[in-house]
Amino acid sequence: MNPLDSLTRLWGRLNPNQRMMAAFSALGVVAVVALLMTWAGRPDYQVLYTGLKPEDGGKIVDKLRSKKIPFQLRDGGATVMVPSQSVYETRLALATDGLPHAGGVGYELFDKTNFGMTDFVQKLNFQRALEGELTRTIEQLDEVEQARIHIVIPEPKLYTEERTSPTASVVLKLRGSGRLSQGQIKGVTHLVASSVEGLKPEDVTIIDTNGNVLSKGHSDGLVAGLSSDQLELQQNVETYLSRKAQSMLEEVLGPNRAVVQVNAQLDFDKIDRTTERYDPDNQVVRSEEKNESSGQSAAEKTSSSVVNYEISKTLEHAANSVGGVKKLTVAVMVDGVYGQPDKKGARAYSPRSPEELTKIRNIVKNAVGIDAKRGDELEVANVAFDTSTLDAVQKDMKKAQFTGMASKAAGKVGVAVVVLVLFLMLRGSLQGVGRALSPEPMRGLDAEEIVNGALETPEQAGRRRIEERVGRLARERPQEVATLVRTWMREENL
């Protein structure tokens, strides 16, 4: 039998509800298969380049289109993504075209020789290449996203008094909220100054894209440069000592139970002292000269002597170290002791004993190196910390965690409910189809009826089976059937 005819007959035997269920089931299966095929056939895109400049991004997109390579753009065009199997091949192909340009044009500008180039153009190209190479180097810093360098190289003059020094300006775009330390700013300054002949560090100006001056000549003789270094050194010393004492207290008291602040006064006075001492009591003969003369007689004989003494001298040269600690002032606040929370969640506060405060004082004193001869001061106070903000944050975190877990559980339950509903729908439709295809309604049909396609309802089939049994019994036991019929007739008064 033709499968199409079988499906047609099967569809004709279904009631309207069964047809609807079967149609929805078929559509669901087709949709799931289509989604799976679409998901399986979709390419896996990986990042080709990120953080691109608009001009580099446009050139890269044009190259990808010309090479018929599928791509996707993210982050406003700053990130380009291609299929994962084409990432490395595409990078190599774009690299041969000089894409992306890292910090502008570098020394590759001189790869092609142009014999008709004038001396002015040659110098201009050299300056462009130098600026590009310095830009590429500075952009290697993790905190720098983009850099731009402008170098001014004056023309040489015949007379010395007419000559001027080169100057340079550096514009930096930092990543996010990043910032450069004073050491990094000095490094950039000296990098640019060392790359240009005759350029001095004090002639290099560095600013960021917000217009803030980061460096304007870090010469060793400038007071501003020394002041920034002094401030940074002082902050480093205070931070180091605070963390040193804080870590020890947290090991004893627990986290967020103590606060340590250190104020360090450093000695930045640079003094070179030369001392010359003379000791008059310690003399030595340096030279001695004797003269003798005699006259005509023995009585006229004279003598004289000259003795030169050298006084001992001591010469001392001393230079003090810059950045030494002159005085430390340390303040420590320690939280008290809390009891078990009551039914309302409140905890009873108890201050620490004097013995505990003495131990804490000794711990901090040894940690930061308090010296009484130097005039250092240490103050330890026991106060009750305000933990309301921390408790509220922890409560919000627990609530957010519970909400996240509840949403995940709700999502899983929702998926399970959808799967269960689909399963029940599919099972109902399959049971309806199974009942339609069940061989029980066709039980008792002869071969001719099956071939002719005669179909009966379940009630008709049951009645026909009874009639067949009665006929078979009448053929096999005619006397008993006749007696039974006469008895029915007498009972019905027929």
# chains A, B, ... in the order shown; residues from 1 in each chain; ligands from 1
>>> select_by_dssp(residues="range 77-267 of chain A", states="strand (DSSP E)", output="short mmCIF file (atom, residue, chain, number, x, y, z; two decimals) with all heavy atoms, in the first residue's frame")
data_model
loop_
_atom_site.label_atom_id
_atom_site.label_comp_id
_atom_site.auth_asym_id
_atom_site.auth_seq_id
_atom_site.Cartn_x
_atom_site.Cartn_y
_atom_site.Cartn_z
N THR A 79 36.19 46.19 18.11
CA THR A 79 36.52 44.77 18.16
C THR A 79 35.97 44.10 16.91
O THR A 79 34.80 44.27 16.57
CB THR A 79 35.91 44.12 19.41
OG1 THR A 79 36.42 44.77 20.57
CG2 THR A 79 36.29 42.64 19.47
N VAL A 80 36.82 43.34 16.23
CA VAL A 80 36.46 42.61 15.02
C VAL A 80 36.58 41.13 15.31
O VAL A 80 37.60 40.67 15.84
CB VAL A 80 37.35 43.01 13.83
CG1 VAL A 80 36.95 42.23 12.58
CG2 VAL A 80 37.26 44.50 13.57
N MET A 81 35.53 40.36 14.96
CA MET A 81 35.50 38.93 15.21
C MET A 81 35.30 38.19 13.89
O MET A 81 34.54 38.65 13.02
CB MET A 81 34.38 38.57 16.19
CG MET A 81 34.44 39.32 17.50
SD MET A 81 33.11 38.90 18.64
CE MET A 81 33.59 37.22 19.07
N VAL A 82 35.99 37.07 13.74
CA VAL A 82 35.89 36.23 12.56
C VAL A 82 35.71 34.79 13.01
O VAL A 82 35.91 34.48 14.19
CB VAL A 82 37.16 36.36 11.67
CG1 VAL A 82 37.31 37.78 11.14
CG2 VAL A 82 38.40 35.94 12.43
N PRO A 83 35.33 33.87 12.10
CA PRO A 83 35.22 32.46 12.50
C PRO A 83 36.52 31.94 13.10
O PRO A 83 37.62 32.33 12.69
CB PRO A 83 34.87 31.76 11.18
CG PRO A 83 34.14 32.80 10.39
CD PRO A 83 34.81 34.10 10.74
N VAL A 144 48.55 52.55 29.15
CA VAL A 144 48.39 53.46 28.01
C VAL A 144 47.60 52.76 26.92
O VAL A 144 47.97 51.67 26.46
CB VAL A 144 49.76 53.92 27.47
CG1 VAL A 144 49.58 54.83 26.26
CG2 VAL A 144 50.54 54.64 28.57
N GLU A 145 46.49 53.37 26.51
CA GLU A 145 45.70 52.84 25.41
C GLU A 145 46.17 53.41 24.06
O GLU A 145 46.33 52.66 23.11
CB GLU A 145 44.22 53.17 25.63
CG GLU A 145 43.31 52.64 24.54
CD GLU A 145 41.85 52.93 24.82
OE1 GLU A 145 41.54 53.35 25.96
OE2 GLU A 145 41.01 52.74 23.92
N GLN A 146 46.37 54.71 24.01
CA GLN A 146 46.86 55.35 22.79
C GLN A 146 47.85 56.44 23.18
O GLN A 146 47.79 56.98 24.30
CB GLN A 146 45.71 55.96 21.97
CG GLN A 146 44.76 54.94 21.38
CD GLN A 146 43.66 55.58 20.57
OE1 GLN A 146 43.70 56.78 20.31
NE2 GLN A 146 42.68 54.80 20.17
N ALA A 147 48.74 56.75 22.25
CA ALA A 147 49.74 57.80 22.49
C ALA A 147 49.93 58.58 21.19
O ALA A 147 49.75 58.05 20.09
CB ALA A 147 51.07 57.20 22.96
N ARG A 148 50.29 59.83 21.37
CA ARG A 148 50.58 60.71 20.22
C ARG A 148 51.77 61.58 20.61
O ARG A 148 51.78 62.17 21.70
CB ARG A 148 49.37 61.58 19.89
CG ARG A 148 49.49 62.35 18.59
CD ARG A 148 49.34 61.45 17.40
NE ARG A 148 49.49 62.17 16.15
CZ ARG A 148 48.49 62.75 15.49
NH1 ARG A 148 47.27 62.69 16.00
NH2 ARG A 148 48.70 63.37 14.36
N ILE A 149 52.75 61.68 19.74
CA ILE A 149 53.99 62.40 20.04
C ILE A 149 54.23 63.43 18.95
O ILE A 149 54.09 63.13 17.75
CB ILE A 149 55.19 61.44 20.13
CG1 ILE A 149 54.96 60.43 21.25
CG2 ILE A 149 56.49 62.20 20.39
CD1 ILE A 149 56.06 59.42 21.40
N HIS A 150 54.59 64.64 19.38
CA HIS A 150 54.96 65.73 18.47
C HIS A 150 56.36 66.19 18.84
O HIS A 150 56.61 66.57 19.98
CB HIS A 150 53.98 66.90 18.57
CG HIS A 150 52.55 66.51 18.32
ND1 HIS A 150 52.03 66.38 17.06
CD2 HIS A 150 51.56 66.19 19.19
CE1 HIS A 150 50.76 66.02 17.14
NE2 HIS A 150 50.45 65.90 18.43
N ILE A 151 57.25 66.15 17.86
CA ILE A 151 58.64 66.55 18.07
C ILE A 151 58.94 67.75 17.19
O ILE A 151 58.60 67.77 16.00
CB ILE A 151 59.61 65.39 17.76
CG1 ILE A 151 59.31 64.20 18.68
CG2 ILE A 151 61.06 65.82 17.93
CD1 ILE A 151 60.13 62.97 18.37
N VAL A 152 59.58 68.74 17.79
CA VAL A 152 60.00 69.93 17.05
C VAL A 152 61.52 69.96 17.05
O VAL A 152 62.15 70.10 18.10
CB VAL A 152 59.44 71.22 17.69
CG1 VAL A 152 59.94 72.44 16.93
CG2 VAL A 152 57.91 71.18 17.71
N THR A 167 62.22 70.30 21.22
CA THR A 167 61.16 70.12 22.21
C THR A 167 60.26 68.98 21.76
O THR A 167 60.22 68.62 20.58
CB THR A 167 60.34 71.40 22.40
OG1 THR A 167 59.77 71.78 21.14
CG2 THR A 167 61.19 72.54 22.94
N ALA A 168 59.52 68.42 22.72
CA ALA A 168 58.62 67.31 22.42
C ALA A 168 57.40 67.39 23.31
O ALA A 168 57.48 67.83 24.48
CB ALA A 168 59.32 65.96 22.61
N SER A 169 56.26 66.98 22.76
CA SER A 169 55.00 66.92 23.50
C SER A 169 54.42 65.53 23.34
O SER A 169 54.40 64.98 22.22
CB SER A 169 54.00 67.97 23.00
OG SER A 169 54.55 69.28 23.14
N VAL A 170 53.94 64.94 24.44
CA VAL A 170 53.39 63.59 24.44
C VAL A 170 51.97 63.66 24.99
O VAL A 170 51.75 64.21 26.08
CB VAL A 170 54.25 62.62 25.28
CG1 VAL A 170 53.67 61.21 25.24
CG2 VAL A 170 55.69 62.63 24.81
N VAL A 171 51.01 63.13 24.24
CA VAL A 171 49.62 63.07 24.67
C VAL A 171 49.28 61.59 24.88
O VAL A 171 49.45 60.77 23.96
CB VAL A 171 48.67 63.71 23.64
CG1 VAL A 171 47.22 63.65 24.14
CG2 VAL A 171 49.09 65.14 23.36
N LEU A 172 48.78 61.25 26.07
CA LEU A 172 48.50 59.86 26.43
C LEU A 172 47.01 59.70 26.71
O LEU A 172 46.41 60.53 27.40
CB LEU A 172 49.29 59.44 27.67
CG LEU A 172 50.82 59.54 27.57
CD1 LEU A 172 51.45 59.11 28.88
CD2 LEU A 172 51.35 58.69 26.42
N LYS A 173 46.44 58.62 26.19
CA LYS A 173 45.08 58.21 26.52
C LYS A 173 45.19 56.96 27.38
O LYS A 173 45.60 55.91 26.90
CB LYS A 173 44.25 57.94 25.26
CG LYS A 173 42.82 57.54 25.56
CD LYS A 173 42.03 57.28 24.28
CE LYS A 173 40.59 56.88 24.61
NZ LYS A 173 39.81 56.58 23.38
N LEU A 174 44.82 57.07 28.65
CA LEU A 174 44.98 55.97 29.59
C LEU A 174 43.77 55.05 29.54
O LEU A 174 42.67 55.44 29.14
CB LEU A 174 45.16 56.52 31.01
CG LEU A 174 46.33 57.50 31.18
CD1 LEU A 174 46.41 57.97 32.62
CD2 LEU A 174 47.65 56.88 30.75
N VAL A 204 60.50 68.15 27.62
CA VAL A 204 59.47 67.18 27.24
C VAL A 204 58.25 67.41 28.12
O VAL A 204 58.35 67.43 29.36
CB VAL A 204 59.98 65.74 27.40
CG1 VAL A 204 58.88 64.74 27.04
CG2 VAL A 204 61.21 65.51 26.53
N THR A 205 57.10 67.61 27.51
CA THR A 205 55.85 67.83 28.22
C THR A 205 54.91 66.67 27.95
O THR A 205 54.71 66.27 26.79
CB THR A 205 55.18 69.14 27.76
OG1 THR A 205 56.08 70.22 27.99
CG2 THR A 205 53.88 69.37 28.52
N ILE A 206 54.34 66.12 29.02
CA ILE A 206 53.42 64.98 28.91
C ILE A 206 52.09 65.38 29.51
O ILE A 206 52.02 65.88 30.64
CB ILE A 206 53.98 63.74 29.66
CG1 ILE A 206 55.35 63.35 29.10
CG2 ILE A 206 53.02 62.56 29.54
CD1 ILE A 206 55.99 62.19 29.84
N ILE A 207 51.01 65.19 28.76
CA ILE A 207 49.65 65.46 29.23
C ILE A 207 48.78 64.26 28.87
O ILE A 207 49.16 63.41 28.06
CB ILE A 207 49.07 66.75 28.61
CG1 ILE A 207 48.90 66.58 27.09
CG2 ILE A 207 49.94 67.95 28.92
CD1 ILE A 207 48.16 67.74 26.44
N ASP A 208 47.60 64.18 29.50
CA ASP A 208 46.64 63.15 29.13
C ASP A 208 45.53 63.76 28.28
O ASP A 208 45.51 64.97 28.02
CB ASP A 208 46.07 62.47 30.38
CG ASP A 208 45.36 63.45 31.32
OD1 ASP A 208 45.13 64.60 30.89
OD2 ASP A 208 45.05 63.06 32.45
N VAL A 213 48.31 68.02 33.05
CA VAL A 213 49.75 67.98 32.83
C VAL A 213 50.35 66.92 33.75
O VAL A 213 50.27 67.03 34.98
CB VAL A 213 50.40 69.36 33.09
CG1 VAL A 213 51.90 69.27 32.89
CG2 VAL A 213 49.79 70.41 32.17
N LEU A 214 50.91 65.88 33.16
CA LEU A 214 51.53 64.81 33.94
C LEU A 214 52.99 65.08 34.21
O LEU A 214 53.53 64.67 35.23
CB LEU A 214 51.38 63.47 33.20
CG LEU A 214 49.94 63.05 32.85
CD1 LEU A 214 49.96 61.71 32.14
CD2 LEU A 214 49.08 62.99 34.09
N SER A 215 53.66 65.76 33.29
CA SER A 215 55.08 66.04 33.46
C SER A 215 55.43 67.25 32.62
O SER A 215 55.05 67.34 31.45
CB SER A 215 55.93 64.84 33.04
OG SER A 215 57.29 65.19 32.95
N LYS A 216 56.15 68.14 33.22
CA LYS A 216 56.67 69.30 32.47
C LYS A 216 58.11 69.52 32.92
O LYS A 216 58.41 70.36 33.74
CB LYS A 216 55.85 70.56 32.72
CG LYS A 216 56.22 71.69 31.76
CD LYS A 216 55.39 72.91 32.01
CE LYS A 216 55.66 73.96 30.93
NZ LYS A 216 57.09 74.26 30.76
N ALA A 258 40.30 46.56 63.42
CA ALA A 258 41.28 47.58 63.83
C ALA A 258 41.63 48.43 62.62
O ALA A 258 41.60 47.97 61.47
CB ALA A 258 42.53 46.93 64.41
N VAL A 259 41.98 49.71 62.90
CA VAL A 259 42.39 50.67 61.87
C VAL A 259 43.69 51.31 62.32
O VAL A 259 43.79 51.78 63.46
CB VAL A 259 41.31 51.75 61.64
CG1 VAL A 259 41.79 52.75 60.60
CG2 VAL A 259 40.00 51.12 61.20
N VAL A 260 44.69 51.32 61.43
CA VAL A 260 46.00 51.87 61.73
C VAL A 260 46.32 52.95 60.72
O VAL A 260 46.22 52.72 59.50
CB VAL A 260 47.10 50.78 61.73
CG1 VAL A 260 48.45 51.39 62.06
CG2 VAL A 260 46.75 49.67 62.71
N GLN A 261 46.71 54.12 61.21
CA GLN A 261 47.13 55.22 60.35
C GLN A 261 48.49 55.71 60.84
O GLN A 261 48.70 55.90 62.04
CB GLN A 261 46.12 56.36 60.37
CG GLN A 261 44.79 56.04 59.73
CD GLN A 261 44.91 55.83 58.23
OE1 GLN A 261 45.81 56.38 57.59
NE2 GLN A 261 44.01 55.02 57.68
N VAL A 262 49.40 55.92 59.87
CA VAL A 262 50.77 56.33 60.19
C VAL A 262 51.06 57.64 59.48
O VAL A 262 50.77 57.78 58.28
CB VAL A 262 51.79 55.25 59.77
CG1 VAL A 262 53.21 55.73 60.05
CG2 VAL A 262 51.52 53.95 60.52
N ASN A 263 51.60 58.58 60.22
CA ASN A 263 52.08 59.84 59.65
C ASN A 263 53.60 59.88 59.83
O ASN A 263 54.10 59.88 60.96
CB ASN A 263 51.43 61.03 60.35
CG ASN A 263 51.88 62.35 59.75
OD1 ASN A 263 52.36 62.40 58.62
ND2 ASN A 263 51.76 63.42 60.52
N ALA A 264 54.30 59.86 58.69
CA ALA A 264 55.77 59.82 58.72
C ALA A 264 56.33 61.15 58.26
O ALA A 264 55.95 61.67 57.21
CB ALA A 264 56.28 58.69 57.82
N GLN A 265 57.23 61.70 59.07
CA GLN A 265 57.97 62.90 58.69
C GLN A 265 59.37 62.46 58.26
O GLN A 265 60.12 61.91 59.07
CB GLN A 265 58.04 63.88 59.85
CG GLN A 265 56.70 64.43 60.29
CD GLN A 265 56.83 65.42 61.43
OE1 GLN A 265 57.93 65.85 61.77
NE2 GLN A 265 55.70 65.81 62.01
N LEU A 266 59.68 62.73 57.00
CA LEU A 266 60.96 62.31 56.44
C LEU A 266 61.89 63.51 56.32
O LEU A 266 61.45 64.65 56.13
CB LEU A 266 60.76 61.64 55.07
CG LEU A 266 59.79 60.46 55.04
CD1 LEU A 266 59.75 59.85 53.64
CD2 LEU A 266 60.18 59.40 56.06
N ASP A 267 63.16 63.21 56.40
CA ASP A 267 64.18 64.25 56.31
C ASP A 267 64.70 64.31 54.88
O ASP A 267 65.39 63.40 54.42
CB ASP A 267 65.32 63.93 57.28
CG ASP A 267 66.35 65.07 57.34
OD1 ASP A 267 66.09 66.11 56.71
OD2 ASP A 267 67.39 64.90 58.00
#
>>> atom_distance(atom1="CA of Ala384 in chain A", atom2="CA of Leu253 in chain A")
13.9 Å
>>> atom_distance(atom1="CA of Asp97 in chain A", atom2="CA of Gln46 in chain A")
21.0 Å
>>> closest_residue(among="A:Asp281, A:Asp229, A:Asp269, A:Asp335", to="Glu250 in chain A", atoms="only C-alpha atoms")
A:Asp335
>>> residues_around(residues="Ile370 in chain A", least_positions_apart="5", cutoff="9 Å", atoms="only C-alpha atoms", output="list in words")
Lys327, Leu328, Thr329, Val330, Val364, Lys365, Gly375, Asp376, Glu377 and Leu378 of chain A
>>> write_last_selection(atoms="all heavy atoms", output="short mmCIF file (atom, residue, chain, number, x, y, z; two decimals), in the first residue's frame")
data_model
loop_
_atom_site.label_atom_id
_atom_site.label_comp_id
_atom_site.auth_asym_id
_atom_site.auth_seq_id
_atom_site.Cartn_x
_atom_site.Cartn_y
_atom_site.Cartn_z
N LYS A 327 60.39 61.46 62.31
CA LYS A 327 59.43 61.23 63.37
C LYS A 327 58.25 60.44 62.82
O LYS A 327 57.84 60.62 61.67
CB LYS A 327 58.95 62.57 63.95
CG LYS A 327 57.99 62.43 65.12
CD LYS A 327 57.56 63.81 65.64
CE LYS A 327 56.57 63.67 66.80
NZ LYS A 327 56.13 64.97 67.32
N LEU A 328 57.71 59.56 63.68
CA LEU A 328 56.52 58.78 63.33
C LEU A 328 55.42 59.09 64.33
O LEU A 328 55.65 59.16 65.54
CB LEU A 328 56.82 57.28 63.37
CG LEU A 328 57.75 56.70 62.29
CD1 LEU A 328 57.95 55.21 62.51
CD2 LEU A 328 57.19 56.96 60.90
N THR A 329 54.22 59.28 63.80
CA THR A 329 53.03 59.46 64.62
C THR A 329 52.02 58.41 64.19
O THR A 329 51.58 58.41 63.03
CB THR A 329 52.44 60.87 64.45
OG1 THR A 329 53.45 61.83 64.77
CG2 THR A 329 51.25 61.06 65.36
N VAL A 330 51.66 57.51 65.09
CA VAL A 330 50.81 56.36 64.77
C VAL A 330 49.55 56.44 65.61
O VAL A 330 49.61 56.65 66.82
CB VAL A 330 51.55 55.02 65.03
CG1 VAL A 330 50.68 53.85 64.61
CG2 VAL A 330 52.88 55.00 64.30
N VAL A 364 51.93 47.00 68.00
CA VAL A 364 52.09 48.07 67.00
C VAL A 364 53.45 48.74 67.16
O VAL A 364 54.10 49.10 66.17
CB VAL A 364 50.95 49.08 67.13
CG1 VAL A 364 51.13 50.23 66.16
CG2 VAL A 364 49.61 48.40 66.89
N LYS A 365 53.88 48.92 68.38
CA LYS A 365 55.16 49.57 68.63
C LYS A 365 56.31 48.80 67.99
O LYS A 365 57.21 49.38 67.37
CB LYS A 365 55.37 49.69 70.14
CG LYS A 365 56.69 50.32 70.54
CD LYS A 365 56.81 50.40 72.06
CE LYS A 365 58.15 51.00 72.47
NZ LYS A 365 58.29 51.07 73.95
N GLY A 375 61.33 60.90 69.31
CA GLY A 375 60.12 61.67 69.55
C GLY A 375 58.88 61.06 68.92
O GLY A 375 57.88 61.78 68.73
N ASP A 376 58.90 59.76 68.61
CA ASP A 376 57.74 59.13 67.99
C ASP A 376 56.59 59.05 68.99
O ASP A 376 56.79 58.92 70.21
CB ASP A 376 58.10 57.73 67.51
CG ASP A 376 59.15 57.75 66.41
OD1 ASP A 376 59.41 58.85 65.88
OD2 ASP A 376 59.72 56.69 66.08
N GLU A 377 55.36 59.10 68.45
CA GLU A 377 54.16 59.06 69.27
C GLU A 377 53.26 57.92 68.81
O GLU A 377 53.13 57.67 67.61
CB GLU A 377 53.40 60.39 69.19
CG GLU A 377 54.19 61.59 69.71
CD GLU A 377 53.41 62.88 69.57
OE1 GLU A 377 52.23 62.81 69.15
OE2 GLU A 377 53.97 63.95 69.89
N LEU A 378 52.62 57.24 69.77
CA LEU A 378 51.72 56.12 69.49
C LEU A 378 50.50 56.26 70.38
O LEU A 378 50.61 56.40 71.60
CB LEU A 378 52.41 54.78 69.74
CG LEU A 378 51.53 53.53 69.66
CD1 LEU A 378 50.92 53.39 68.27
CD2 LEU A 378 52.34 52.29 70.04
#
>>> atom_distance(atom1="CA of Gly187 in chain A", atom2="CA of Asp56 in chain A")
28.3 Å
>>> closest_residue(among="A:Asp203, A:Glu155, A:Glu55, A:Glu467", to="Phe120 in chain A", atoms="only C-alpha atoms")
A:Glu155
>>> residues_around(residues="Ile360 in chain A", least_positions_apart="3", cutoff="8 Å", atoms="only C-alpha atoms", output="mmCIF file with N, CA and C atoms, in the first residue's frame")
data_model
loop_
_atom_site.group_PDB
_atom_site.id
_atom_site.type_symbol
_atom_site.label_atom_id
_atom_site.label_comp_id
_atom_site.auth_asym_id
_atom_site.auth_seq_id
_atom_site.Cartn_x
_atom_site.Cartn_y
_atom_site.Cartn_z
ATOM 1 N N LEU A 249 47.533 42.990 63.444
ATOM 2 C CA LEU A 249 46.327 43.122 64.259
ATOM 3 C C LEU A 249 45.189 42.266 63.714
ATOM 4 N N GLU A 356 44.573 44.091 77.435
ATOM 5 C CA GLU A 356 44.530 43.846 75.990
ATOM 6 C C GLU A 356 45.043 45.052 75.209
ATOM 7 N N LEU A 357 44.675 46.247 75.643
ATOM 8 C CA LEU A 357 45.154 47.449 74.955
ATOM 9 C C LEU A 357 46.669 47.588 75.081
ATOM 10 N N ILE A 363 52.388 45.438 70.334
ATOM 11 C CA ILE A 363 52.441 44.837 68.996
ATOM 12 C C ILE A 363 52.701 45.907 67.938
ATOM 13 N N VAL A 364 51.929 46.998 67.996
ATOM 14 C CA VAL A 364 52.094 48.066 67.002
ATOM 15 C C VAL A 364 53.450 48.743 67.163
ATOM 16 N N VAL A 380 46.667 54.450 71.108
ATOM 17 C CA VAL A 380 45.755 53.330 70.888
ATOM 18 C C VAL A 380 44.451 53.641 71.594
#
